[in-house]
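Structure data (mmCIF, C-alpha atoms; chains and numbers go by the auth columns) from start.cif:
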data_final
#
loop_
_atom_site.group_PDB
_atom_site.id
_atom_site.type_symbol
_atom_site.label_atom_id
_atom_site.label_comp_id
_atom_site.label_asym_id
_atom_site.label_seq_id
_atom_site.Cartn_x
_atom_site.Cartn_y
_atom_site.Cartn_z
_atom_site.B_iso_or_equiv
_atom_site.auth_seq_id
_atom_site.auth_asym_id
ATOM 1 C CA MET A 1 0.000 0.000 0.000 0.00 1 A
ATOM 2 C CA LYS A 2 1.252 3.466 -0.864 0.00 2 A
ATOM 3 C CA VAL A 3 0.062 6.676 0.806 0.00 3 A
ATOM 4 C CA VAL A 4 0.459 10.185 -0.561 0.00 4 A
ATOM 5 C CA VAL A 5 -0.703 13.292 1.282 0.00 5 A
ATOM 6 C CA ASP A 6 -1.119 16.584 -0.550 0.00 6 A
ATOM 7 C CA LEU A 7 0.540 18.681 2.142 0.00 7 A
ATOM 8 C CA SER A 8 -0.472 21.910 0.404 0.00 8 A
ATOM 9 C CA GLN A 9 -4.101 20.841 0.821 0.00 9 A
ATOM 10 C CA CYS A 10 -3.758 19.439 4.374 0.00 10 A
ATOM 11 C CA GLU A 11 -5.121 21.847 6.984 0.00 11 A
ATOM 12 C CA GLY A 12 -3.905 19.981 10.070 0.00 12 A
ATOM 13 C CA TYR A 13 -7.238 18.696 11.384 0.00 13 A
ATOM 14 C CA ALA A 14 -5.343 15.570 12.582 0.00 14 A
ATOM 15 C CA GLN A 15 -8.213 13.140 12.007 0.00 15 A
ATOM 16 C CA CYS A 16 -5.745 10.822 10.272 0.00 16 A
ATOM 17 C CA ALA A 17 -3.343 10.918 13.235 0.00 17 A
ATOM 18 C CA PHE A 18 -6.203 10.003 15.552 0.00 18 A
ATOM 19 C CA LEU A 19 -7.447 7.120 13.382 0.00 19 A
ATOM 20 C CA ALA A 20 -4.103 5.702 12.210 0.00 20 A
ATOM 21 C CA PRO A 21 -1.408 6.889 14.649 0.00 21 A
ATOM 22 C CA GLU A 22 1.215 4.455 13.364 0.00 22 A
ATOM 23 C CA ALA A 23 0.960 5.887 9.841 0.00 23 A
ATOM 24 C CA PHE A 24 0.199 9.577 10.531 0.00 24 A
ATOM 25 C CA ARG A 25 1.396 11.925 13.253 0.00 25 A
ATOM 26 C CA MET A 26 1.408 15.623 13.872 0.00 26 A
ATOM 27 C CA HIS A 27 4.728 17.405 14.303 0.00 27 A
ATOM 28 C CA GLY A 28 3.949 20.557 16.198 0.00 28 A
ATOM 29 C CA GLU A 29 0.493 22.006 15.822 0.00 29 A
ATOM 30 C CA GLU A 30 0.065 21.915 12.054 0.00 30 A
ATOM 31 C CA ALA A 31 2.798 19.863 10.345 0.00 31 A
ATOM 32 C CA LEU A 32 1.751 16.364 9.315 0.00 32 A
ATOM 33 C CA MET A 33 4.310 13.588 9.066 0.00 33 A
ATOM 34 C CA TYR A 34 3.324 10.249 7.537 0.00 34 A
ATOM 35 C CA ASP A 35 4.634 6.870 6.468 0.00 35 A
ATOM 36 C CA PRO A 36 4.349 6.657 2.654 0.00 36 A
ATOM 37 C CA ASN A 37 4.468 2.839 2.793 0.00 37 A
ATOM 38 C CA PRO A 38 2.573 1.685 5.881 0.00 38 A
ATOM 39 C CA ASP A 39 2.417 -1.979 6.754 0.00 39 A
ATOM 40 C CA ASP A 40 -0.538 -3.879 5.273 0.00 40 A
ATOM 41 C CA ALA A 41 -1.643 -4.673 8.832 0.00 41 A
ATOM 42 C CA GLN A 42 -2.589 -0.990 9.080 0.00 42 A
ATOM 43 C CA ARG A 43 -4.698 -1.047 5.906 0.00 43 A
ATOM 44 C CA ASP A 44 -8.113 -0.629 7.566 0.00 44 A
ATOM 45 C CA GLN A 45 -6.911 2.181 9.812 0.00 45 A
ATOM 46 C CA VAL A 46 -5.254 4.012 6.921 0.00 46 A
ATOM 47 C CA LEU A 47 -8.335 3.695 4.711 0.00 47 A
ATOM 48 C CA ARG A 48 -10.543 5.035 7.525 0.00 48 A
ATOM 49 C CA ALA A 49 -8.107 7.902 8.069 0.00 49 A
ATOM 50 C CA ALA A 50 -8.153 8.803 4.364 0.00 50 A
ATOM 51 C CA ALA A 51 -11.948 8.706 4.295 0.00 51 A
ATOM 52 C CA ALA A 52 -12.153 10.910 7.392 0.00 52 A
ATOM 53 C CA CYS A 53 -9.894 13.665 6.034 0.00 53 A
ATOM 54 C CA PRO A 54 -12.114 16.782 5.865 0.00 54 A
ATOM 55 C CA VAL A 55 -10.203 18.154 2.849 0.00 55 A
ATOM 56 C CA GLN A 56 -9.563 14.765 1.160 0.00 56 A
ATOM 57 C CA ALA A 57 -5.793 15.349 1.101 0.00 57 A
ATOM 58 C CA ILE A 58 -4.901 11.641 1.511 0.00 58 A
ATOM 59 C CA LEU A 59 -4.575 9.314 -1.460 0.00 59 A
ATOM 60 C CA VAL A 60 -4.196 5.574 -0.831 0.00 60 A
ATOM 61 C CA ASP A 61 -2.990 3.427 -3.710 0.00 61 A
ATOM 62 C CA ARG A 62 -4.108 -0.168 -3.452 0.00 62 A
ATOM 63 C CA PRO A 63 -1.980 -2.174 -5.904 0.00 63 A
ATOM 64 C CA GLU A 64 -4.338 -5.150 -5.937 0.00 64 A
ATOM 65 C CA ALA A 65 -7.113 -2.988 -7.415 0.00 65 A
ATOM 66 C CA ARG A 66 -4.791 -1.735 -10.152 0.00 66 A
ATOM 67 C CA HIS A 67 -3.995 -5.267 -11.327 0.00 67 A
ATOM 68 C CA ALA A 68 -7.589 -6.514 -11.410 0.00 68 A
ATOM 69 C CA PRO A 69 -8.438 -8.020 -14.802 0.00 69 A
ATOM 70 C CA ALA A 70 -10.465 -5.744 -17.056 0.00 70 A
ATOM 71 C CA GLU A 71 -13.831 -6.969 -18.253 0.00 71 A
ATOM 72 C CA ALA A 72 -13.870 -8.025 -21.866 0.00 72 A
ATOM 73 C CA SER A 73 -15.841 -5.711 -24.090 0.00 73 A
ATOM 74 C CA PRO A 74 -18.479 -7.290 -26.328 0.00 74 A
ATOM 75 C CA SER A 75 -17.357 -7.800 -29.932 0.00 75 A
#
For the file at hand, write its structure as structure tokens.
Amino acid sequence: MKVVVDLSQCEGYAQCAFLAPEAFRMHGEEALMYDPNPDDAQRDQVLRAAAACPVQAILVDRPEARHAPAEASPS
């Protein structure tokens, strides 16, 4: 799993740090620090944290979804 946070969009609400403290943490009052490659054991927490971000600044890339077979189009 890969995590990217748009730090220019992040407003420091810290919902992610509350929901997934092993992947996200606040440094000072407004600076977010995060693990760009959190352990898969943290998947549910990270996904909840991304969903809870008030400004939707967190993008989670799930490689297994990217490699899903495409449906065949009718000929």
What separates atom CA of A:Ala20 and atom CA of A:Ala49 is a distance of 6.2 Å
For the PyMOL selection byres ((chain A and resi 46-48) around 12), applied here, can you spell out every residue it catches as number ranges by chain?
A: 1-5, 15-24, 34-45, 49-54, 56, 58-62
Point-to-point distance in Å for atom CA of A:His27 and atom CA of A:Ala14:
10.4 Å
Residues selected by the PyMOL selection byres ((chain A and resi 8) around 12), written as a VMD selection string:
chain A and resid 4 to 7 9 to 12 30 to 32 55 to 58
